[in-house]
>>> print(open('work_27.csv').read())   # CSV, C-alpha atoms and all ligand atoms
chain,number,residue,atom,x,y,z
A,4,MET,CA,48.9,-24.2,29.4
A,5,PRO,CA,48.0,-24.1,25.7
A,6,ASP,CA,50.0,-26.5,23.6
A,7,VAL,CA,48.6,-25.7,20.2
A,8,ASP,CA,52.0,-24.7,18.7
A,9,LYS,CA,53.8,-27.7,20.2
A,10,SER,CA,53.4,-30.1,17.3
A,11,LYS,CA,55.7,-32.8,18.3
A,12,THR,CA,57.0,-35.6,16.1
A,13,GLY,CA,59.1,-38.3,17.8
A,14,GLY,CA,59.4,-35.9,20.8
A,15,GLU,CA,61.1,-33.1,18.8
A,16,GLU,CA,59.5,-29.8,18.0
A,17,GLN,CA,59.1,-29.0,14.2
A,18,LYS,CA,59.6,-25.3,13.7
A,19,ASP,CA,61.0,-23.4,10.7
A,20,PHE,CA,62.9,-20.2,11.5
A,21,SER,CA,64.5,-20.1,8.1
A,22,VAL,CA,67.8,-19.3,9.8
A,23,GLY,CA,70.1,-17.9,7.2
A,24,VAL,CA,67.3,-16.1,5.3
A,25,PRO,CA,67.8,-12.5,6.2
A,26,GLN,CA,64.6,-10.5,7.0
A,27,ALA,CA,64.2,-8.0,4.1
A,28,ASN,CA,64.2,-4.3,5.0
A,29,GLN,CA,61.1,-3.1,3.2
A,30,GLY,CA,61.2,0.2,1.4
A,31,PHE,CA,58.1,2.3,0.6
A,32,PHE,CA,56.9,3.2,-2.9
A,33,LEU,CA,56.1,6.9,-2.4
A,34,LYS,CA,58.6,9.7,-2.7
A,35,GLY,CA,59.9,11.0,0.5
A,36,SER,CA,57.8,8.6,2.6
A,37,ALA,CA,60.3,5.9,3.6
A,38,HIS,CA,60.6,7.1,7.2
A,39,LEU,CA,56.9,7.5,8.0
A,40,PRO,CA,55.1,5.4,10.7
A,41,TRP,CA,53.2,2.3,9.6
A,42,GLY,CA,49.7,3.8,10.0
A,43,ILE,CA,50.4,6.7,7.8
A,44,LYS,CA,52.0,4.5,5.2
A,45,ASN,CA,49.0,2.2,5.3
A,46,ARG,CA,46.6,5.0,4.7
A,47,LEU,CA,48.8,6.4,1.9
A,48,SER,CA,48.7,3.0,0.3
A,49,ARG,CA,45.0,3.2,0.2
A,50,ILE,CA,45.1,6.6,-1.5
A,51,PHE,CA,47.9,5.8,-3.9
A,52,ASN,CA,47.9,2.5,-5.8
A,53,PRO,CA,51.1,0.7,-4.8
A,54,LYS,CA,51.3,-0.9,-8.2
A,55,THR,CA,51.5,2.4,-10.1
A,56,GLY,CA,52.5,4.7,-7.4
A,57,ARG,CA,49.7,7.0,-8.5
A,58,THR,CA,46.2,8.1,-7.6
A,59,LEU,CA,43.0,9.4,-9.3
A,60,MET,CA,41.2,11.4,-6.7
A,61,LEU,CA,37.8,12.9,-7.2
A,62,ALA,CA,37.5,16.4,-5.6
A,63,PHE,CA,33.9,17.5,-4.8
A,64,ASP,CA,34.5,19.7,-1.8
A,65,HIS,CA,33.8,22.9,-3.7
A,66,GLY,CA,30.5,23.6,-2.0
A,67,TYR,CA,32.2,24.3,1.3
A,68,MET,CA,33.0,27.7,0.0
A,69,MET,CA,31.2,28.0,-3.4
A,70,GLY,CA,27.7,26.7,-2.5
A,71,PRO,CA,25.9,24.5,-5.1
A,72,THR,CA,28.3,25.1,-7.9
A,73,SER,CA,27.7,23.7,-11.4
A,74,GLY,CA,27.9,19.9,-11.5
A,75,LEU,CA,27.5,19.6,-7.8
A,76,GLU,CA,23.9,20.9,-7.4
A,77,ARG,CA,22.9,17.4,-6.4
A,78,MET,CA,26.0,15.5,-5.2
A,79,ASP,CA,23.8,12.5,-4.3
A,80,LEU,CA,23.1,12.1,-8.1
A,81,SER,CA,26.3,13.3,-9.7
A,82,ILE,CA,29.0,11.7,-7.6
A,83,PRO,CA,27.9,8.0,-6.9
A,84,PRO,CA,28.1,7.0,-10.6
A,85,LEU,CA,31.7,8.1,-10.7
A,86,LEU,CA,32.9,6.2,-7.6
A,87,GLU,CA,33.8,3.0,-9.3
A,88,TYR,CA,36.4,4.7,-11.5
A,89,VAL,CA,38.3,6.7,-8.9
A,90,ASP,CA,40.7,5.7,-6.2
A,91,CYS,CA,39.9,8.3,-3.6
A,92,LEU,CA,37.4,11.0,-2.6
A,93,MET,CA,38.3,14.5,-1.5
A,94,CYS,CA,35.2,16.1,0.1
A,95,SER,CA,33.6,17.9,3.1
A,96,ARG,CA,32.3,16.1,6.1
A,97,GLY,CA,28.7,17.1,5.3
A,98,GLY,CA,29.0,16.1,1.6
A,99,LEU,CA,30.3,12.7,2.5
A,100,ARG,CA,27.7,12.0,5.2
A,101,THR,CA,24.7,13.1,3.2
A,102,CYS,CA,25.5,11.9,-0.3
A,103,ILE,CA,27.9,9.0,-0.1
A,104,SER,CA,26.9,5.6,1.2
A,105,PRO,CA,29.0,4.3,4.1
A,106,GLU,CA,29.1,1.0,2.2
A,107,VAL,CA,31.4,2.7,-0.3
A,108,ASN,CA,34.9,1.5,0.6
A,109,LYS,CA,37.0,4.3,-0.9
A,110,PRO,CA,39.6,6.2,1.0
A,111,VAL,CA,38.5,9.8,1.9
A,112,VAL,CA,40.7,12.9,2.1
A,113,MET,CA,38.7,15.1,4.5
A,114,ARG,CA,38.5,18.8,3.9
A,115,CYS,CA,39.2,20.3,7.4
A,116,SER,CA,39.3,24.0,6.7
A,117,THR,CA,36.4,26.4,6.7
A,118,GLY,CA,35.7,30.0,7.5
A,119,ALA,CA,35.6,31.8,4.1
A,120,THR,CA,33.3,31.8,1.1
A,121,VAL,CA,33.6,33.2,-2.4
A,122,LEU,CA,31.8,36.3,-1.0
A,123,LYS,CA,34.7,37.1,1.2
A,124,GLU,CA,38.5,36.8,1.6
A,125,LEU,CA,39.2,33.2,0.8
A,126,SER,CA,42.4,32.9,2.7
A,127,ASN,CA,40.7,33.8,6.0
A,128,GLU,CA,40.2,30.2,7.1
A,129,ILE,CA,40.2,28.2,10.3
A,130,ILE,CA,40.1,24.5,11.0
A,131,GLY,CA,36.5,23.4,11.3
A,132,VAL,CA,36.9,19.6,11.3
A,133,THR,CA,39.3,18.2,13.9
A,134,ALA,CA,41.5,15.3,13.4
A,135,GLU,CA,39.4,13.2,15.8
A,136,ASP,CA,36.3,14.0,13.7
A,137,ALA,CA,38.1,12.8,10.6
A,138,VAL,CA,39.1,9.6,12.4
A,139,ALA,CA,35.5,9.1,13.5
A,140,ILE,CA,34.4,9.3,9.9
A,141,ASN,CA,37.1,6.9,8.9
A,142,ALA,CA,39.1,9.4,6.8
A,143,SER,CA,42.4,8.3,5.3
A,144,ALA,CA,43.9,11.8,5.3
A,145,LEU,CA,43.3,15.4,6.3
A,146,THR,CA,43.5,18.3,4.0
A,147,THR,CA,43.6,22.1,4.2
A,148,GLN,CA,44.7,24.8,1.8
A,149,VAL,CA,47.5,27.3,2.1
A,150,CYS,CA,47.4,30.7,0.4
A,151,ILE,CA,50.9,31.8,0.0
A,152,GLY,CA,51.2,35.6,-0.5
A,153,ALA,CA,47.5,36.1,0.5
A,154,PRO,CA,46.4,38.4,3.4
A,155,TYR,CA,45.9,35.4,5.7
A,156,GLU,CA,49.0,33.4,4.6
A,157,LYS,CA,50.2,32.8,8.2
A,158,GLU,CA,46.8,31.6,9.4
A,159,THR,CA,46.6,29.1,6.5
A,160,LEU,CA,50.0,27.8,7.3
A,161,ALA,CA,49.0,27.4,10.9
A,162,ASN,CA,45.9,25.4,9.7
A,163,LEU,CA,48.3,23.1,7.8
A,164,ALA,CA,50.6,22.8,10.8
A,165,TYR,CA,47.6,21.8,12.9
A,166,CYS,CA,46.6,19.1,10.5
A,167,ILE,CA,50.1,17.7,10.3
A,168,ASN,CA,50.6,17.7,14.0
A,169,GLU,CA,47.3,16.2,14.9
A,170,GLY,CA,47.4,13.8,12.0
A,171,ASN,CA,50.9,12.6,13.0
A,172,ARG,CA,49.5,11.9,16.5
A,173,LEU,CA,46.6,9.8,15.1
A,174,GLY,CA,48.4,8.2,12.1
A,175,LEU,CA,46.7,10.3,9.4
A,176,PRO,CA,48.6,11.8,6.5
A,177,THR,CA,47.9,15.4,5.4
A,178,LEU,CA,47.4,16.7,1.9
A,179,GLY,CA,48.5,20.3,1.7
A,180,VAL,CA,46.7,22.2,-1.1
A,181,THR,CA,48.1,25.2,-2.9
A,182,ALA,CA,45.3,27.7,-3.3
A,183,VAL,CA,46.1,30.4,-5.8
A,184,GLY,CA,44.4,33.7,-5.4
A,185,LYS,CA,43.2,35.6,-8.5
A,186,GLU,CA,46.1,38.1,-8.1
A,187,MET,CA,48.8,35.4,-8.1
A,188,VAL,CA,50.5,34.1,-11.2
A,189,ARG,CA,50.3,30.3,-11.6
A,190,ASP,CA,53.9,29.9,-12.8
A,191,ALA,CA,56.6,27.4,-11.8
A,192,ARG,CA,58.2,29.9,-9.5
A,193,TYR,CA,55.1,30.6,-7.4
A,194,LEU,CA,53.8,27.0,-7.4
A,195,GLY,CA,57.3,25.7,-6.6
A,196,LEU,CA,57.6,28.0,-3.7
A,197,ALA,CA,54.1,27.1,-2.3
A,198,CYS,CA,54.7,23.3,-2.8
A,199,ARG,CA,58.1,23.4,-1.2
A,200,VAL,CA,56.8,25.3,1.8
A,201,ILE,CA,53.9,22.8,2.3
A,202,ALA,CA,56.3,19.8,2.1
A,203,GLU,CA,58.8,21.4,4.5
A,204,LEU,CA,56.1,22.0,7.0
A,205,GLY,CA,55.6,18.2,6.9
A,206,ALA,CA,52.7,17.6,4.6
A,207,HIS,CA,52.7,14.0,3.3
A,208,PHE,CA,51.5,14.9,-0.2
A,209,VAL,CA,50.8,18.2,-2.0
A,210,LYS,CA,48.1,19.3,-4.5
A,211,THR,CA,48.9,22.1,-6.9
A,212,TYR,CA,48.0,23.4,-10.3
A,213,TYR,CA,49.7,22.4,-13.5
A,214,CYS,CA,51.7,25.1,-15.3
A,215,ASP,CA,52.8,24.9,-18.9
A,216,LYS,CA,56.4,25.8,-18.3
A,217,GLY,CA,58.6,24.2,-15.7
A,218,PHE,CA,56.1,21.9,-14.0
A,219,ASP,CA,58.8,19.3,-13.8
A,220,THR,CA,60.9,21.7,-11.6
A,221,VAL,CA,57.9,22.1,-9.3
A,222,VAL,CA,57.7,18.3,-8.9
A,223,ALA,CA,61.5,17.9,-8.6
A,224,GLY,CA,61.7,20.6,-5.9
A,225,THR,CA,58.9,19.1,-3.8
A,226,PRO,CA,60.2,16.1,-1.7
A,227,VAL,CA,56.8,14.4,-1.4
A,228,PRO,CA,54.3,13.2,-4.1
A,229,VAL,CA,52.5,16.0,-6.0
A,230,VAL,CA,49.0,15.6,-7.5
A,231,ILE,CA,47.4,18.2,-9.7
A,232,ALA,CA,44.0,19.9,-9.4
A,233,GLY,CA,42.0,20.2,-12.6
A,234,GLY,CA,41.0,23.9,-12.1
A,235,LYS,CA,38.3,25.5,-14.2
A,236,LYS,CA,36.4,23.4,-16.7
A,237,LEU,CA,38.3,23.0,-19.9
A,238,PRO,CA,37.3,21.3,-23.2
A,239,GLU,CA,37.8,17.5,-22.6
A,240,PRO,CA,40.8,17.1,-24.9
A,241,ASP,CA,42.6,20.0,-23.2
A,242,ALA,CA,41.9,18.6,-19.7
A,243,LEU,CA,43.2,15.2,-20.8
A,244,LYS,CA,46.3,16.8,-22.3
A,245,MET,CA,46.9,18.7,-19.0
A,246,ALA,CA,46.6,15.4,-17.0
A,247,TYR,CA,48.9,13.6,-19.4
A,248,ASN,CA,51.6,16.4,-19.3
A,249,ALA,CA,51.5,16.5,-15.5
A,250,ILE,CA,51.9,12.7,-15.2
A,251,GLN,CA,54.8,12.7,-17.8
A,252,GLN,CA,56.5,15.4,-15.8
A,253,GLY,CA,56.4,13.5,-12.5
A,254,ALA,CA,53.0,14.1,-10.9
A,255,ALA,CA,51.8,11.2,-8.8
A,256,GLY,CA,48.2,11.6,-9.9
A,257,VAL,CA,45.4,14.0,-10.2
A,258,ASP,CA,42.8,15.3,-7.8
A,259,MET,CA,40.3,16.5,-10.3
A,260,GLY,CA,36.8,18.0,-9.8
A,261,ARG,CA,35.2,20.2,-12.4
A,262,ASN,CA,36.9,18.7,-15.4
A,263,ILE,CA,35.3,15.3,-14.4
A,264,PHE,CA,31.9,16.1,-12.9
A,265,CYS,CA,31.2,19.0,-15.4
A,266,ALA,CA,32.3,17.0,-18.4
A,267,ASP,CA,29.6,16.2,-21.0
A,268,HIS,CA,30.0,12.6,-19.9
A,269,PRO,CA,31.5,12.5,-16.4
A,270,ALA,CA,31.8,8.7,-16.1
A,271,ALA,CA,33.6,8.5,-19.5
A,272,MET,CA,35.9,11.3,-18.5
A,273,ALA,CA,36.8,9.6,-15.2
A,274,GLN,CA,37.7,6.5,-17.1
A,275,ALA,CA,39.8,8.4,-19.6
A,276,VAL,CA,41.7,10.3,-16.9
A,277,ARG,CA,42.2,7.0,-15.1
A,278,ALA,CA,43.8,5.5,-18.2
A,279,ILE,CA,46.3,8.4,-18.2
A,280,VAL,CA,47.1,8.1,-14.5
A,281,HIS,CA,47.4,4.3,-14.2
A,282,GLU,CA,48.0,3.0,-17.7
A,283,ASN,CA,50.2,5.7,-19.1
A,284,ALA,CA,47.7,6.3,-21.9
A,285,THR,CA,48.5,9.3,-24.2
A,286,ALA,CA,46.1,12.2,-24.2
A,287,LYS,CA,44.9,11.2,-27.7
A,288,LYS,CA,44.3,7.6,-26.6
A,289,ALA,CA,42.4,8.8,-23.6
A,290,TYR,CA,40.3,11.1,-25.7
A,291,ASP,CA,39.5,8.3,-28.1
A,292,MET,CA,38.5,6.3,-25.2
A,293,TYR,CA,36.3,9.1,-23.9
A,294,LEU,CA,34.5,9.4,-27.3
A,295,ALA,CA,34.1,5.6,-27.6
A,296,LEU,CA,32.6,5.4,-24.1
A,297,GLN,CA,30.2,8.2,-24.6
A,298,ASN,CA,29.1,6.8,-27.9
A,299,LYS,CA,28.6,3.4,-26.3
A,300,LYS,CA,26.3,5.1,-23.7
A,301,LYS,CA,24.2,6.8,-26.4
A,302,LYS,CA,23.4,3.5,-28.1
A,401,LIG,C1,40.3,23.9,-3.6
A,401,LIG,C2,40.4,22.4,-3.8
A,401,LIG,C3,39.4,21.8,-4.6
A,401,LIG,O1,39.1,20.5,-4.2
A,401,LIG,C4,40.0,21.6,-6.0
A,401,LIG,O2,40.7,22.7,-6.5
A,401,LIG,C5,38.9,21.3,-6.9
A,401,LIG,O3,39.3,20.6,-7.9
A,401,LIG,P1,39.1,21.2,-9.4
A,401,LIG,O4,40.0,22.5,-9.4
A,401,LIG,O5,39.7,20.1,-10.2
A,401,LIG,O6,37.7,21.5,-9.7
A,401,LIG,O7,41.3,21.8,-3.3
A,401,LIG,O8,41.3,24.3,-2.7
>>> encode(input="work_27.csv", output="structure tokens")
Amino acid sequence: MPDVDKSKTGGEEQKDFSVGVPQANQGFFLKGSAHLPWGIKNRLSRIFNPKTGRTLMLAFDHGYMMGPTSGLERMDLSIPPLLEYVDCLMCSRGGLRTCISPEVNKPVVMRCSTGATVLKELSNEIIGVTAEDAVAINASALTTQVCIGAPYEKETLANLAYCINEGNRLGLPTLGVTAVGKEMVRDARYLGLACRVIAELGAHFVKTYYCDKGFDTVVAGTPVPVVIAGGKKLPEPDALKMAYNAIQQGAAGVDMGRNIFCADHPAAMAQAVRAIVHENATAKKAYDMYLALQNKKKK
């Protein structure tokens, strides 16, 4: 019989149960997430910084449907220098395995959908990476996109439901992405509809585009954290303004790709966006920071 916890003094056991100190009921820092299981919360706490409640995700999954798009011709060269500045990676299984060292200890949001390229109908996707595959690669979340109003809307919703169901089984949260076809208007009404559908299906967080009018209503009407995509490359001050506006209107972070890795100085841009996300920097302060960092690099 082990007796290691039986430290006796004068024949009496010395134990401290702090009787009278009630055990605290712990809440959880993310919107709409209080009733999730421990494993899902733990993974979300790797993606979102519990101190700020926000995240800076770096999206570089574009090649799965766009091929070697600008800025990602050589992911092995363009992505590693940015890793120290971001909280989380959103990428494809192949992109991760071939270009990112397994020694990098950043949470990964794994792109699970496939089946369409820019040459064809983008909403015609299936699930190509199973939840088990994602666990095997040590992903922290699954992701797929939904194309509300597109020809294969139902199939993209089924893909999302698959990720949520399988992720729930294995303790992985799911990021639902609002993909907006060329024919759709990126306004608060459309984005609000898409985000709400994604959240009601059970996604744990949602990625959508920023819109100039009514973005705060998109966030308010979505009962889980919302992060914004960057979209097409903008001049750096405009991209920083968009990130700032989104954060001020309630976004829980950004999942930015082209506006970081296609910036004139990607590492400086990642740091400037980070200041907006985690330090509440204004867009002007972040741009000044961007300029200072790029000048420092030139010297
Ligand atoms: C597409 C995605 C992409 O990862 C995302 O849109 C790319 O980021 P960015 O628009 O900032 O380049 O989710 O469905």
>>> closest_atom_pairs(input="work_27.csv", of="chain A", to="ligand LIG 401 (chain A)", cutoff="8 Å", atoms="all atoms listed in the file", output="CSV")
residue,atom,partner,partner_atom,distance
A:Leu61,CA,A:LIG401,O3,7.9
A:Ala62,CA,A:LIG401,O1,4.6
A:Phe63,CA,A:LIG401,O1,6.0
A:Asp64,CA,A:LIG401,O1,5.2
A:His65,CA,A:LIG401,C3,5.8
A:Met93,CA,A:LIG401,O1,6.6
A:Cys94,CA,A:LIG401,O1,7.3
A:Thr147,CA,A:LIG401,O8,7.6
A:Gln148,CA,A:LIG401,O8,5.7
A:Val180,CA,A:LIG401,O7,5.8
A:Thr181,CA,A:LIG401,O8,6.9
A:Ala182,CA,A:LIG401,O8,5.3
A:Lys210,CA,A:LIG401,O7,7.3
A:Ile231,CA,A:LIG401,O5,7.9
A:Ala232,CA,A:LIG401,O5,4.4
A:Gly233,CA,A:LIG401,O5,3.3
A:Gly234,CA,A:LIG401,O4,3.2
A:Lys235,CA,A:LIG401,O4,5.9
A:Lys236,CA,A:LIG401,O6,7.4
A:Asp258,CA,A:LIG401,O5,6.2
A:Met259,CA,A:LIG401,O5,3.7
A:Gly260,CA,A:LIG401,O5,3.6
A:Arg261,CA,A:LIG401,O6,3.9
A:Asn262,CA,A:LIG401,O5,6.1
A:Ile263,CA,A:LIG401,O5,7.7
>>> write_last_selection(input="work_27.csv", atoms="C-alpha atoms", output="PDB file, in the frame of the given file")
ATOM      1  CA  LEU A  61      37.800  12.900  -7.200  1.00  0.00           C
ATOM      2  CA  ALA A  62      37.500  16.400  -5.600  1.00  0.00           C
ATOM      3  CA  PHE A  63      33.900  17.500  -4.800  1.00  0.00           C
ATOM      4  CA  ASP A  64      34.500  19.700  -1.800  1.00  0.00           C
ATOM      5  CA  HIS A  65      33.800  22.900  -3.700  1.00  0.00           C
ATOM      6  CA  MET A  93      38.300  14.500  -1.500  1.00  0.00           C
ATOM      7  CA  CYS A  94      35.200  16.100   0.100  1.00  0.00           C
ATOM      8  CA  THR A 147      43.600  22.100   4.200  1.00  0.00           C
ATOM      9  CA  GLN A 148      44.700  24.800   1.800  1.00  0.00           C
ATOM     10  CA  VAL A 180      46.700  22.200  -1.100  1.00  0.00           C
ATOM     11  CA  THR A 181      48.100  25.200  -2.900  1.00  0.00           C
ATOM     12  CA  ALA A 182      45.300  27.700  -3.300  1.00  0.00           C
ATOM     13  CA  LYS A 210      48.100  19.300  -4.500  1.00  0.00           C
ATOM     14  CA  ILE A 231      47.400  18.200  -9.700  1.00  0.00           C
ATOM     15  CA  ALA A 232      44.000  19.900  -9.400  1.00  0.00           C
ATOM     16  CA  GLY A 233      42.000  20.200 -12.600  1.00  0.00           C
ATOM     17  CA  GLY A 234      41.000  23.900 -12.100  1.00  0.00           C
ATOM     18  CA  LYS A 235      38.300  25.500 -14.200  1.00  0.00           C
ATOM     19  CA  LYS A 236      36.400  23.400 -16.700  1.00  0.00           C
ATOM     20  CA  ASP A 258      42.800  15.300  -7.800  1.00  0.00           C
ATOM     21  CA  MET A 259      40.300  16.500 -10.300  1.00  0.00           C
ATOM     22  CA  GLY A 260      36.800  18.000  -9.800  1.00  0.00           C
ATOM     23  CA  ARG A 261      35.200  20.200 -12.400  1.00  0.00           C
ATOM     24  CA  ASN A 262      36.900  18.700 -15.400  1.00  0.00           C
ATOM     25  CA  ILE A 263      35.300  15.300 -14.400  1.00  0.00           C
TER      26      ILE A 263
END
>>> atom_distance(input="work_27.csv", atom1="CA of Glu124 (chain A)", atom2="CA of Ala142 (chain A)")
27.9 Å
>>> residues_around(input="work_27.csv", residues="Ala270 (chain A)", least_positions_apart="5", cutoff="12 Å", atoms="only C-alpha atoms", output="ChimeraX atom specification")
/A:61,81-89,262-265,275-277,292-294,296-297,299-300
>>> atom_distance(input="work_27.csv", atom1="CA of Ala286 (chain A)", atom2="CA of Val209 (chain A)")
23.5 Å
>>> atom_distance(input="work_27.csv", atom1="CA of Ala137 (chain A)", atom2="CA of Ala37 (chain A)")
24.3 Å
>>> closest_atom_pairs(input="work_27.csv", of="region 194-283 of chain A", to="region 46-56 of chain A", cutoff="10 Å", atoms="all atoms listed in the file", output="JSON lines")
{"residue": "A:His207", "atom": "CA", "partner": "A:Leu47", "partner_atom": "CA", "distance": 8.7}
{"residue": "A:Phe208", "atom": "CA", "partner": "A:Leu47", "partner_atom": "CA", "distance": 9.2}
{"residue": "A:Pro228", "atom": "CA", "partner": "A:Gly56", "partner_atom": "CA", "distance": 9.3}
{"residue": "A:Ala255", "atom": "CA", "partner": "A:Gly56", "partner_atom": "CA", "distance": 6.7}
{"residue": "A:Gly256", "atom": "CA", "partner": "A:Phe51", "partner_atom": "CA", "distance": 8.4}
{"residue": "A:Val280", "atom": "CA", "partner": "A:Thr55", "partner_atom": "CA", "distance": 8.4}
{"residue": "A:His281", "atom": "CA", "partner": "A:Thr55", "partner_atom": "CA", "distance": 6.1}
{"residue": "A:Glu282", "atom": "CA", "partner": "A:Thr55", "partner_atom": "CA", "distance": 8.4}
{"residue": "A:Asn283", "atom": "CA", "partner": "A:Thr55", "partner_atom": "CA", "distance": 9.7}
>>> residues_around(input="work_27.csv", residues="Thr117 (chain A)", least_positions_apart="2", cutoff="8 Å", atoms="all atoms listed in the file", output="tab-separated table (two decimals) with C-alpha atoms, in the frame of the given file")
chain	number	residue	atom	x	y	z
A	67	TYR	CA	32.20	24.30	1.30
A	68	MET	CA	33.00	27.70	0.00
A	115	CYS	CA	39.20	20.30	7.40
A	119	ALA	CA	35.60	31.80	4.10
A	128	GLU	CA	40.20	30.20	7.10
A	129	ILE	CA	40.20	28.20	10.30
A	130	ILE	CA	40.10	24.50	11.00
A	131	GLY	CA	36.50	23.40	11.30
>>> residues_around(input="work_27.csv", residues="Met245 (chain A)", least_positions_apart="4", cutoff="9 Å", atoms="all atoms listed in the file", output="list of chain:residue names")
A:Tyr213, A:Cys214, A:Asp215, A:Gly233, A:Pro240, A:Asp241, A:Ala249, A:Ile250, A:Ala286
>>> residues_around(input="work_27.csv", residues="Ala254 (chain A)", least_positions_apart="6", cutoff="10 Å", atoms="only C-alpha atoms", output="list of chain:residue names")
A:Arg57, A:Thr58, A:Lys210, A:Thr211, A:Tyr213, A:Phe218, A:Asp219, A:Val221, A:Val222, A:Ala223, A:Pro228, A:Val229, A:Val230, A:Ile231, A:Ala246, A:Tyr247, A:Asn248, A:Val280
>>> residues_near_point(input="work_27.csv", point="(47.2, 16.2, 8.7)", cutoff="6 Å", atoms="all atoms listed in the file", output="count of residues only")
7
>>> axis_aligned_box(input="work_27.csv", around="region 70-78 of chain A", padding_each_side="3 Å", output="AutoDock Vina command-line options")
--center_x 25.6 --center_y 21.1 --center_z -7.0 --size_x 11.4 --size_y 17.2 --size_z 15.0
>>> residues_around(input="work_27.csv", residues="Val132 (chain A)", least_positions_apart="6", cutoff="8 Å", atoms="all atoms listed in the file", output="list of chain:residue names")
A:Arg96, A:Arg114, A:Cys115, A:Ser116
>>> write_last_selection(input="work_27.csv", atoms="C-alpha atoms", output="tab-separated table (two decimals), in the coordinates of the input")
chain	number	residue	atom	x	y	z
A	96	ARG	CA	32.30	16.10	6.10
A	114	ARG	CA	38.50	18.80	3.90
A	115	CYS	CA	39.20	20.30	7.40
A	116	SER	CA	39.30	24.00	6.70
>>> build_atoms(input="work_27.csv", residues="region 164-177 of chain A", atoms="N, CA and C atoms", output="short mmCIF file (atom, residue, chain, number, x, y, z; two decimals), in the frame of the given file")
data_model
loop_
_atom_site.label_atom_id
_atom_site.label_comp_id
_atom_site.auth_asym_id
_atom_site.auth_seq_id
_atom_site.Cartn_x
_atom_site.Cartn_y
_atom_site.Cartn_z
N ALA A 164 49.77 23.31 9.70
CA ALA A 164 50.60 22.80 10.80
C ALA A 164 49.70 21.99 11.77
N TYR A 165 48.49 22.51 12.04
CA TYR A 165 47.60 21.80 12.90
C TYR A 165 47.25 20.41 12.35
N CYS A 166 46.91 20.36 11.07
CA CYS A 166 46.60 19.10 10.50
C CYS A 166 47.74 18.10 10.56
N ILE A 167 48.91 18.59 10.25
CA ILE A 167 50.10 17.70 10.30
C ILE A 167 50.37 17.21 11.68
N ASN A 168 50.34 18.13 12.65
CA ASN A 168 50.60 17.70 14.00
C ASN A 168 49.61 16.73 14.57
N GLU A 169 48.34 17.05 14.37
CA GLU A 169 47.30 16.20 14.90
C GLU A 169 47.22 14.87 14.09
N GLY A 170 47.43 14.99 12.80
CA GLY A 170 47.40 13.80 12.00
C GLY A 170 48.57 12.86 12.34
N ASN A 171 49.74 13.42 12.59
CA ASN A 171 50.90 12.60 13.00
C ASN A 171 50.54 11.83 14.28
N ARG A 172 49.87 12.51 15.19
CA ARG A 172 49.50 11.90 16.50
C ARG A 172 48.58 10.69 16.25
N LEU A 173 47.67 10.81 15.27
CA LEU A 173 46.60 9.80 15.10
C LEU A 173 46.93 8.85 13.89
N GLY A 174 48.04 9.07 13.23
CA GLY A 174 48.40 8.20 12.10
C GLY A 174 47.74 8.56 10.78
N LEU A 175 47.31 9.81 10.65
CA LEU A 175 46.70 10.30 9.40
C LEU A 175 47.61 11.16 8.61
N PRO A 176 47.83 10.85 7.34
CA PRO A 176 48.60 11.80 6.50
C PRO A 176 47.85 13.05 6.21
N THR A 177 48.58 14.08 5.79
CA THR A 177 47.90 15.40 5.40
C THR A 177 48.29 15.74 4.00
#
